[in-house]
>>> print(open('my_file_32.cif').read())   # mmCIF, C-alpha atoms
data_run
#
loop_
_atom_site.label_atom_id
_atom_site.label_comp_id
_atom_site.auth_asym_id
_atom_site.auth_seq_id
_atom_site.Cartn_x
_atom_site.Cartn_y
_atom_site.Cartn_z
CA MET A 57 81.93 113.28 75.77
CA ASP A 58 78.66 112.89 73.88
CA LEU A 59 78.54 110.00 71.43
CA ASN A 60 76.31 111.61 68.83
CA THR A 61 76.35 108.66 66.42
CA ILE A 62 74.55 106.34 68.84
CA THR A 63 71.00 105.56 67.71
CA ALA A 64 70.09 102.80 70.17
CA VAL A 65 70.95 101.50 73.63
CA ALA A 66 70.09 97.89 74.50
CA HIS A 67 69.43 96.88 78.13
CA PRO A 68 69.57 93.06 78.36
CA THR A 69 68.85 91.52 81.77
CA THR A 70 69.89 87.94 80.92
CA ARG A 71 72.35 86.32 78.55
CA ASP A 72 69.49 85.18 76.34
CA GLN A 73 68.52 88.81 75.85
CA LEU A 74 71.93 89.87 74.55
CA PRO A 75 71.30 91.17 71.03
CA VAL A 76 73.00 89.71 67.98
CA TRP A 77 76.29 91.53 67.60
CA THR A 78 76.61 93.73 64.54
CA ALA A 79 79.18 96.19 63.22
CA GLY A 80 78.88 99.44 65.16
CA ASP A 81 78.08 97.78 68.50
CA ALA A 82 79.96 98.31 71.76
CA TRP A 83 79.62 96.87 75.24
CA LEU A 84 78.97 99.50 77.91
CA ALA A 85 79.99 98.90 81.53
CA GLY A 86 81.86 101.75 83.23
CA GLY A 87 82.38 103.67 80.00
CA THR A 88 85.32 105.70 81.33
CA TRP A 89 87.28 105.14 78.13
CA LEU A 90 84.28 104.80 75.82
CA PHE A 91 83.06 108.32 76.63
CA SER A 92 86.55 109.85 76.74
CA GLU A 93 87.04 110.31 73.00
CA PRO A 94 85.04 110.27 69.76
CA GLN A 95 83.62 106.90 68.71
CA ALA A 96 82.29 107.81 65.29
CA HIS A 97 82.10 104.18 64.18
CA LEU A 98 79.58 103.21 66.88
CA ARG A 99 75.81 103.02 66.38
CA ARG A 100 74.55 100.99 69.36
CA LEU A 101 75.58 100.49 72.98
CA ILE A 102 74.77 97.28 74.84
CA ASP A 103 74.49 98.24 78.51
CA LEU A 104 75.71 95.45 80.79
CA THR A 105 74.66 97.01 84.10
CA ASP A 106 71.13 95.56 83.99
CA LEU A 107 72.60 92.05 83.99
CA LYS A 108 73.30 92.77 87.69
CA TRP A 109 76.24 90.43 88.06
CA PRO A 110 77.45 90.21 91.69
CA ALA A 111 80.59 92.33 91.83
CA LEU A 112 82.58 89.99 94.07
CA THR A 113 81.96 86.47 95.30
CA ILE A 114 84.06 84.63 97.88
CA ASN A 115 83.61 80.87 97.99
CA GLU A 116 85.54 77.68 98.74
CA SER A 117 87.32 77.97 95.37
CA GLY A 118 88.60 81.51 95.89
CA LEU A 119 87.47 84.89 94.59
CA SER A 120 85.25 85.58 91.59
CA ILE A 121 85.40 89.11 90.16
CA SER A 122 82.68 90.08 87.72
CA ALA A 123 83.75 92.05 84.67
CA THR A 124 81.44 94.87 85.79
CA CYS A 125 82.98 95.10 89.28
CA THR A 126 84.27 98.63 89.81
CA VAL A 127 87.73 99.47 91.08
CA ALA A 128 86.16 101.03 94.18
CA GLU A 129 84.22 97.84 94.95
CA LEU A 130 87.33 95.71 94.56
CA ASP A 131 89.44 98.03 96.72
CA ALA A 132 86.81 97.90 99.50
CA LEU A 133 86.72 94.09 99.60
CA ALA A 134 87.20 92.68 103.12
CA CYS A 135 89.31 89.57 102.56
CA PRO A 136 89.61 86.63 104.96
CA PRO A 137 92.66 87.01 107.23
CA GLU A 138 94.33 83.93 105.76
CA TRP A 139 94.43 85.61 102.34
CA ILE A 140 97.88 87.03 102.92
CA ALA A 141 98.19 88.11 99.28
CA SER A 142 95.22 90.48 99.64
CA PRO A 143 97.35 93.66 100.04
CA LEU A 144 98.10 93.28 96.33
CA ILE A 145 94.50 94.26 95.63
CA ASN A 146 94.81 97.66 97.27
CA ARG A 147 98.26 98.32 95.84
CA CYS A 148 97.18 97.53 92.29
CA CYS A 149 94.07 99.68 92.67
CA ARG A 150 96.32 102.55 93.68
CA ALA A 151 98.53 101.99 90.65
CA PHE A 152 95.75 103.48 88.50
CA LEU A 153 96.42 106.88 87.01
CA ALA A 154 92.87 107.90 87.95
CA SER A 155 90.82 109.93 90.42
CA PHE A 156 88.40 108.55 92.99
CA LYS A 157 85.58 109.48 90.60
CA ILE A 158 87.00 107.08 88.01
CA TRP A 159 87.38 104.40 90.70
CA LYS A 160 83.61 104.44 91.25
CA THR A 161 82.88 103.89 87.57
CA ALA A 162 85.79 102.11 85.89
CA THR A 163 85.49 98.34 85.86
CA VAL A 164 87.94 95.49 86.30
CA GLY A 165 86.76 93.92 83.06
CA GLY A 166 87.13 97.16 81.18
CA ASN A 167 90.74 97.45 82.29
CA LEU A 168 91.48 93.94 81.03
CA CYS A 169 89.66 94.47 77.75
CA MET A 170 91.47 97.75 77.06
CA SER A 171 94.65 95.65 77.39
CA LEU A 172 97.00 98.55 77.97
CA PRO A 173 100.43 97.38 79.19
CA ALA A 174 100.02 99.50 82.33
CA GLY A 175 96.57 98.15 83.21
CA PRO A 176 96.88 97.40 86.95
CA MET A 177 93.95 95.00 86.99
CA ILE A 178 95.87 92.98 84.41
CA SER A 179 98.87 93.04 86.75
CA LEU A 180 96.78 91.93 89.73
CA THR A 181 94.78 89.16 88.09
CA SER A 182 97.67 87.72 86.10
CA ALA A 183 99.90 87.59 89.19
CA LEU A 184 97.11 85.81 91.09
CA ASP A 185 96.69 83.19 88.34
CA GLY A 186 93.32 84.60 87.29
CA ILE A 187 91.16 82.70 84.81
CA CYS A 188 88.88 84.64 82.48
CA THR A 189 85.45 83.34 81.51
CA ILE A 190 84.42 84.59 78.08
CA TRP A 191 80.90 84.41 76.75
CA ARG A 192 81.42 83.74 73.08
CA ALA A 193 79.35 85.38 70.40
CA ASP A 194 78.20 81.95 69.16
CA GLY A 195 76.63 81.18 72.55
CA GLY A 196 79.49 79.08 73.88
CA GLU A 197 81.93 79.74 76.70
CA ARG A 198 85.71 79.85 76.89
CA LYS A 199 88.12 79.95 79.82
CA ILE A 200 91.62 81.33 79.48
CA ALA A 201 94.36 82.52 81.85
CA VAL A 202 94.75 86.30 82.14
CA THR A 203 98.39 85.89 81.08
CA ASP A 204 97.12 84.50 77.78
CA PHE A 205 94.07 86.77 77.49
CA VAL A 206 96.19 89.89 76.87
CA THR A 207 98.35 89.39 73.79
CA GLY A 208 99.87 92.85 73.30
CA ASP A 209 99.38 96.60 73.59
CA ARG A 210 95.57 97.03 73.26
CA CYS A 211 95.34 93.48 71.93
CA ASN A 212 93.61 90.44 73.41
CA VAL A 213 91.91 87.20 72.39
CA LEU A 214 88.38 88.64 72.15
CA VAL A 215 86.69 88.66 68.75
CA PRO A 216 83.70 90.88 67.89
CA GLY A 217 80.71 89.85 69.98
CA ASP A 218 82.73 88.09 72.68
CA LEU A 219 82.05 89.28 76.22
CA LEU A 220 84.30 88.97 79.27
CA ARG A 221 82.04 87.66 82.04
CA GLN A 222 84.33 87.24 85.06
CA ILE A 223 87.80 86.56 86.39
CA ASP A 224 88.27 83.77 88.94
CA ILE A 225 91.18 83.87 91.37
CA PRO A 226 92.07 80.48 92.90
CA LEU A 227 92.16 80.21 96.66
CA VAL A 228 95.75 78.96 96.69
CA ALA A 229 96.93 82.16 94.98
CA MET A 230 95.40 84.32 97.72
CA LYS A 231 97.34 82.41 100.37
CA ARG A 232 100.81 83.01 98.94
CA HIS A 233 103.43 85.39 100.32
CA SER A 234 103.89 88.21 97.85
CA ALA A 235 105.96 91.28 97.04
CA PHE A 236 105.00 94.28 94.89
CA ARG A 237 107.12 96.81 93.02
CA GLN A 238 106.01 99.61 90.72
CA ILE A 239 107.77 102.55 89.14
CA SER A 240 106.74 105.44 86.91
CA LEU A 241 108.80 107.90 84.91
CA THR A 242 107.15 110.77 86.81
CA PRO A 243 105.92 110.88 90.44
CA VAL A 244 102.23 110.36 89.58
CA GLY A 245 102.63 108.96 86.09
CA ARG A 246 101.42 105.79 84.41
CA SER A 247 103.22 102.61 85.49
CA ALA A 248 106.37 102.00 83.46
CA ALA A 249 107.06 98.70 85.23
CA LEU A 250 104.90 96.78 87.68
CA LEU A 251 106.22 93.48 89.01
CA ILE A 252 104.66 91.06 91.49
CA GLY A 253 106.39 88.07 93.01
CA SER A 254 104.74 85.33 95.03
CA VAL A 255 105.95 82.18 96.78
CA SER A 256 103.82 79.06 97.08
CA SER A 257 103.67 76.81 100.13
CA GLU A 258 106.09 74.49 98.29
CA GLY A 259 108.58 77.35 97.94
CA ARG A 260 108.08 77.98 94.22
CA LEU A 261 108.53 81.57 93.04
CA ALA A 262 106.28 83.10 90.40
CA LEU A 263 107.38 86.48 89.05
CA THR A 264 104.85 88.40 86.95
CA VAL A 265 106.15 91.26 84.81
CA THR A 266 103.70 93.87 83.53
CA ALA A 267 103.66 97.51 82.37
CA SER A 268 107.26 97.34 81.17
CA THR A 269 106.24 94.69 78.65
CA ALA A 270 103.55 94.83 75.98
CA ARG A 271 101.81 91.83 77.56
CA PRO A 272 102.08 90.04 80.91
CA VAL A 273 105.04 87.71 81.30
CA GLN A 274 105.11 85.17 84.11
CA LEU A 275 108.33 83.42 85.10
CA SER A 276 108.40 80.38 87.37
CA PHE A 277 111.22 79.05 89.53
CA ALA A 278 111.45 75.89 91.62
CA GLY A 279 112.66 78.01 94.53
CA ILE A 280 114.06 81.47 95.21
CA PRO A 281 116.75 81.79 92.51
CA SER A 282 120.13 83.42 92.88
CA SER A 283 120.53 86.98 91.60
CA LYS A 284 122.43 85.65 88.61
CA ALA A 285 119.83 83.01 87.75
CA LEU A 286 117.00 85.51 88.04
CA ARG A 287 118.75 88.03 85.80
CA GLU A 288 119.67 85.41 83.21
CA THR A 289 116.12 84.07 83.10
CA ILE A 290 114.65 87.54 82.55
CA LEU A 291 117.16 88.30 79.81
CA GLU A 292 116.42 84.98 78.14
CA ARG A 293 112.62 84.99 78.45
CA ILE A 294 111.88 88.65 77.74
CA SER A 295 113.23 89.73 74.38
CA ASP A 296 114.12 93.37 73.80
CA ASP A 297 111.25 93.84 71.35
CA LEU A 298 108.73 92.86 74.03
CA TYR A 299 109.52 95.93 76.17
CA HIS A 300 106.93 98.65 75.68
CA ASN A 301 107.85 101.98 74.13
CA ASP A 302 105.85 105.16 74.69
CA VAL A 303 106.14 108.57 76.35
CA HIS A 304 106.04 106.92 79.78
CA GLY A 305 109.37 105.15 79.28
CA GLU A 306 111.77 103.90 76.64
CA PRO A 307 112.40 100.15 76.26
CA LEU A 308 115.99 100.17 77.55
CA TRP A 309 114.97 102.02 80.70
CA ARG A 310 111.98 99.73 81.23
CA LYS A 311 114.28 96.74 80.84
CA ALA A 312 116.69 98.15 83.43
CA MET A 313 113.82 98.84 85.84
CA THR A 314 112.45 95.34 85.33
CA LEU A 315 115.79 93.81 86.29
CA ARG A 316 116.14 96.13 89.27
CA LEU A 317 112.62 95.59 90.64
CA ALA A 318 112.84 91.84 90.09
CA GLU A 319 115.97 91.71 92.22
CA GLU A 320 114.28 93.76 94.96
CA ILE A 321 111.36 91.32 94.96
CA ARG A 322 113.72 88.35 95.08
CA GLY A 323 115.49 89.84 98.09
CA GLU A 324 112.26 90.63 99.93
CA LEU A 325 110.77 87.19 99.43
CA GLN A 326 114.00 85.44 100.31
CA ALA A 327 114.10 87.33 103.61
CA GLN A 328 110.60 86.24 104.61
CA PRO A 329 110.42 83.45 107.22
#
>>> encode(input="my_file_32.cif", output="structure tokens")
Amino acid sequence: MDLNTITAVAHPTTRDQLPVWTAGDAWLAGGTWLFSEPQAHLRRLIDLTDLKWPALTINESGLSISATCTVAELDALACPPEWIASPLINRCCRAFLASFKIWKTATVGGNLCMSLPAGPMISLTSALDGICTIWRADGGERKIAVTDFVTGDRCNVLVPGDLLRQIDIPLVAMKRHSAFRQISLTPVGRSAALLIGSVSSEGRLALTVTASTARPVQLSFAGIPSSKALRETILERISDDLYHNDVHGEPLWRKAMTLRLAEEIRGELQAQP
């Protein structure tokens, strides 16, 4: 869709060249949502592509994903063999309700910043203990866990002028055994519940609940809990008003699916050697 109110497009190549943020500005990376509907309030786009951030960086600390990394680039990443959690990357990429054309344009950062409950990059990075680096509008920098970055349906911690720079995944998270479950109300519909469980080398279970809830919820257990303990913890930690409600699933059904998928994950991880 043409954005016929835009009068200027900025092309910074360094952080120092980022223009002073004003009302009517918008960051432009993939633009798959930005150009999908009218944006009559916008006057200027700030194109991030000329910053040329490396899409993906593997180092001794783990994996760094730039905000401008596309879904296609992330899906094509060749991970070290000891990163046994890496199948989660491909499975979350395929949880998108999107064509291959969107994959080549849509960005990981854009998915986080849209902060839709069903955002699969939110599911992936929160389950892998991702840490967001935010370039603040005042020139400073802030780091925050993905689980805290998204605060609700289309809500996050960013204020006008803030820019998500990257998401860092710690090495230890990539080496955990994991289990993935996702369900939609229709065969190729938007995720109504997407849960990821992982077990650390010490035997601790982390269960990350997304899509069924308005924001990511991560539950931790000292070991693999019993079915009863898992169910009770979910019922206690996730209040009924936190379950998302839209045409892709009513809250009571999402709650039931969350309990069901959590138990399937528990059983799968318990059965692993």
>>> atom_distance(input="my_file_32.cif", atom1="CA of Leu107 (chain A)", atom2="CA of Ala128 (chain A)")
19.2 Å
>>> residues_around(input="my_file_32.cif", residues="Asp302 (chain A)", least_positions_apart="6", cutoff="12 Å", atoms="all atoms listed in the file", output="ChimeraX atom specification")
/A:172-174,209,241,246-248,267-270,308-310
>>> resolve_selection(input="my_file_32.cif", expression="the PyMOL selection byres ((chain A and resi 106) around 7)", output="compact mmCIF listing (two decimals) with C-alpha atoms, in the frame of the given file")
# COMPACT_ATOMS: atom_id res chain seq x y z
CA HIS A 67 69.43 96.88 78.13
CA PRO A 68 69.57 93.06 78.36
CA THR A 69 68.85 91.52 81.77
CA ASP A 103 74.49 98.24 78.51
CA LEU A 104 75.71 95.45 80.79
CA THR A 105 74.66 97.01 84.10
CA LEU A 107 72.60 92.05 83.99
CA LYS A 108 73.30 92.77 87.69
>>> residues_near_point(input="my_file_32.cif", point="(95.1, 96.8, 69.9)", cutoff="12 Å", atoms="all atoms listed in the file", output="short mmCIF file (atom, residue, chain, number, x, y, z; two decimals) with C-alpha atoms, keeping the file's coordinate frame")
data_model
loop_
_atom_site.label_atom_id
_atom_site.label_comp_id
_atom_site.auth_asym_id
_atom_site.auth_seq_id
_atom_site.Cartn_x
_atom_site.Cartn_y
_atom_site.Cartn_z
CA CYS A 169 89.66 94.47 77.75
CA MET A 170 91.47 97.75 77.06
CA SER A 171 94.65 95.65 77.39
CA LEU A 172 97.00 98.55 77.97
CA PRO A 173 100.43 97.38 79.19
CA VAL A 206 96.19 89.89 76.87
CA THR A 207 98.35 89.39 73.79
CA GLY A 208 99.87 92.85 73.30
CA ASP A 209 99.38 96.60 73.59
CA ARG A 210 95.57 97.03 73.26
CA CYS A 211 95.34 93.48 71.93
CA ASN A 212 93.61 90.44 73.41
CA VAL A 213 91.91 87.20 72.39
CA LEU A 214 88.38 88.64 72.15
CA VAL A 215 86.69 88.66 68.75
CA ALA A 270 103.55 94.83 75.98
CA ARG A 271 101.81 91.83 77.56
#
>>> closest_atom_pairs(input="my_file_32.cif", of="region 173-275 of chain A", to="region 135-159 of chain A", cutoff="8 Å", atoms="all atoms listed in the file", output="JSON lines")
{"residue": "A:Gly175", "atom": "CA", "partner": "A:Phe152", "partner_atom": "CA", "distance": 7.6}
{"residue": "A:Pro176", "atom": "CA", "partner": "A:Cys148", "partner_atom": "CA", "distance": 5.4}
{"residue": "A:Met177", "atom": "CA", "partner": "A:Cys148", "partner_atom": "CA", "distance": 6.7}
{"residue": "A:Ser179", "atom": "CA", "partner": "A:Cys148", "partner_atom": "CA", "distance": 7.3}
{"residue": "A:Leu180", "atom": "CA", "partner": "A:Cys148", "partner_atom": "CA", "distance": 6.2}
{"residue": "A:Ala229", "atom": "CA", "partner": "A:Ala141", "partner_atom": "CA", "distance": 7.4}
{"residue": "A:Met230", "atom": "CA", "partner": "A:Trp139", "partner_atom": "CA", "distance": 4.9}
{"residue": "A:Lys231", "atom": "CA", "partner": "A:Trp139", "partner_atom": "CA", "distance": 4.8}
{"residue": "A:Arg232", "atom": "CA", "partner": "A:Ala141", "partner_atom": "CA", "distance": 5.7}
{"residue": "A:His233", "atom": "CA", "partner": "A:Ala141", "partner_atom": "CA", "distance": 6.0}
{"residue": "A:Ser234", "atom": "CA", "partner": "A:Ala141", "partner_atom": "CA", "distance": 5.9}
{"residue": "A:Phe236", "atom": "CA", "partner": "A:Leu144", "partner_atom": "CA", "distance": 7.1}
{"residue": "A:Gln238", "atom": "CA", "partner": "A:Ala151", "partner_atom": "CA", "distance": 7.8}
{"residue": "A:Val244", "atom": "CA", "partner": "A:Leu153", "partner_atom": "CA", "distance": 7.2}
{"residue": "A:Gly245", "atom": "CA", "partner": "A:Leu153", "partner_atom": "CA", "distance": 6.6}
{"residue": "A:Arg246", "atom": "CA", "partner": "A:Leu153", "partner_atom": "CA", "distance": 5.7}
{"residue": "A:Ser247", "atom": "CA", "partner": "A:Ala151", "partner_atom": "CA", "distance": 7.0}
>>> write_last_selection(input="my_file_32.cif", atoms="C-alpha atoms", output="short mmCIF file (atom, residue, chain, number, x, y, z; two decimals), in the coordinates of the input")
data_model
loop_
_atom_site.label_atom_id
_atom_site.label_comp_id
_atom_site.auth_asym_id
_atom_site.auth_seq_id
_atom_site.Cartn_x
_atom_site.Cartn_y
_atom_site.Cartn_z
CA GLY A 175 96.57 98.15 83.21
CA PRO A 176 96.88 97.40 86.95
CA MET A 177 93.95 95.00 86.99
CA SER A 179 98.87 93.04 86.75
CA LEU A 180 96.78 91.93 89.73
CA ALA A 229 96.93 82.16 94.98
CA MET A 230 95.40 84.32 97.72
CA LYS A 231 97.34 82.41 100.37
CA ARG A 232 100.81 83.01 98.94
CA HIS A 233 103.43 85.39 100.32
CA SER A 234 103.89 88.21 97.85
CA PHE A 236 105.00 94.28 94.89
CA GLN A 238 106.01 99.61 90.72
CA VAL A 244 102.23 110.36 89.58
CA GLY A 245 102.63 108.96 86.09
CA ARG A 246 101.42 105.79 84.41
CA SER A 247 103.22 102.61 85.49
#
>>> closest_residue(input="my_file_32.cif", among="A:Gly323, A:Gly217, A:Gly279, A:Gly253", to="Asp81 (chain A)", atoms="only C-alpha atoms")
A:Gly217
>>> residues_near_point(input="my_file_32.cif", point="(84.4, 77.8, 76.6)", cutoff="12 Å", atoms="only C-alpha atoms", output="mmCIF file with C-alpha atoms, keeping the file's coordinate frame")
data_model
loop_
_atom_site.group_PDB
_atom_site.id
_atom_site.type_symbol
_atom_site.label_atom_id
_atom_site.label_comp_id
_atom_site.auth_asym_id
_atom_site.auth_seq_id
_atom_site.Cartn_x
_atom_site.Cartn_y
_atom_site.Cartn_z
ATOM 1 C CA ILE A 187 91.160 82.700 84.810
ATOM 2 C CA CYS A 188 88.880 84.640 82.480
ATOM 3 C CA THR A 189 85.450 83.340 81.510
ATOM 4 C CA ILE A 190 84.420 84.590 78.080
ATOM 5 C CA TRP A 191 80.900 84.410 76.750
ATOM 6 C CA ARG A 192 81.420 83.740 73.080
ATOM 7 C CA ALA A 193 79.350 85.380 70.400
ATOM 8 C CA ASP A 194 78.200 81.950 69.160
ATOM 9 C CA GLY A 195 76.630 81.180 72.550
ATOM 10 C CA GLY A 196 79.490 79.080 73.880
ATOM 11 C CA GLU A 197 81.930 79.740 76.700
ATOM 12 C CA ARG A 198 85.710 79.850 76.890
ATOM 13 C CA LYS A 199 88.120 79.950 79.820
ATOM 14 C CA ILE A 200 91.620 81.330 79.480
ATOM 15 C CA ASP A 218 82.730 88.090 72.680
ATOM 16 C CA LEU A 219 82.050 89.280 76.220
ATOM 17 C CA LEU A 220 84.300 88.970 79.270
ATOM 18 C CA ARG A 221 82.040 87.660 82.040
#
>>> closest_residue(input="my_file_32.cif", among="A:Ala278, A:Ile62, A:Val273, A:Ala162", to="Ile294 (chain A)", atoms="all atoms listed in the file")
A:Val273
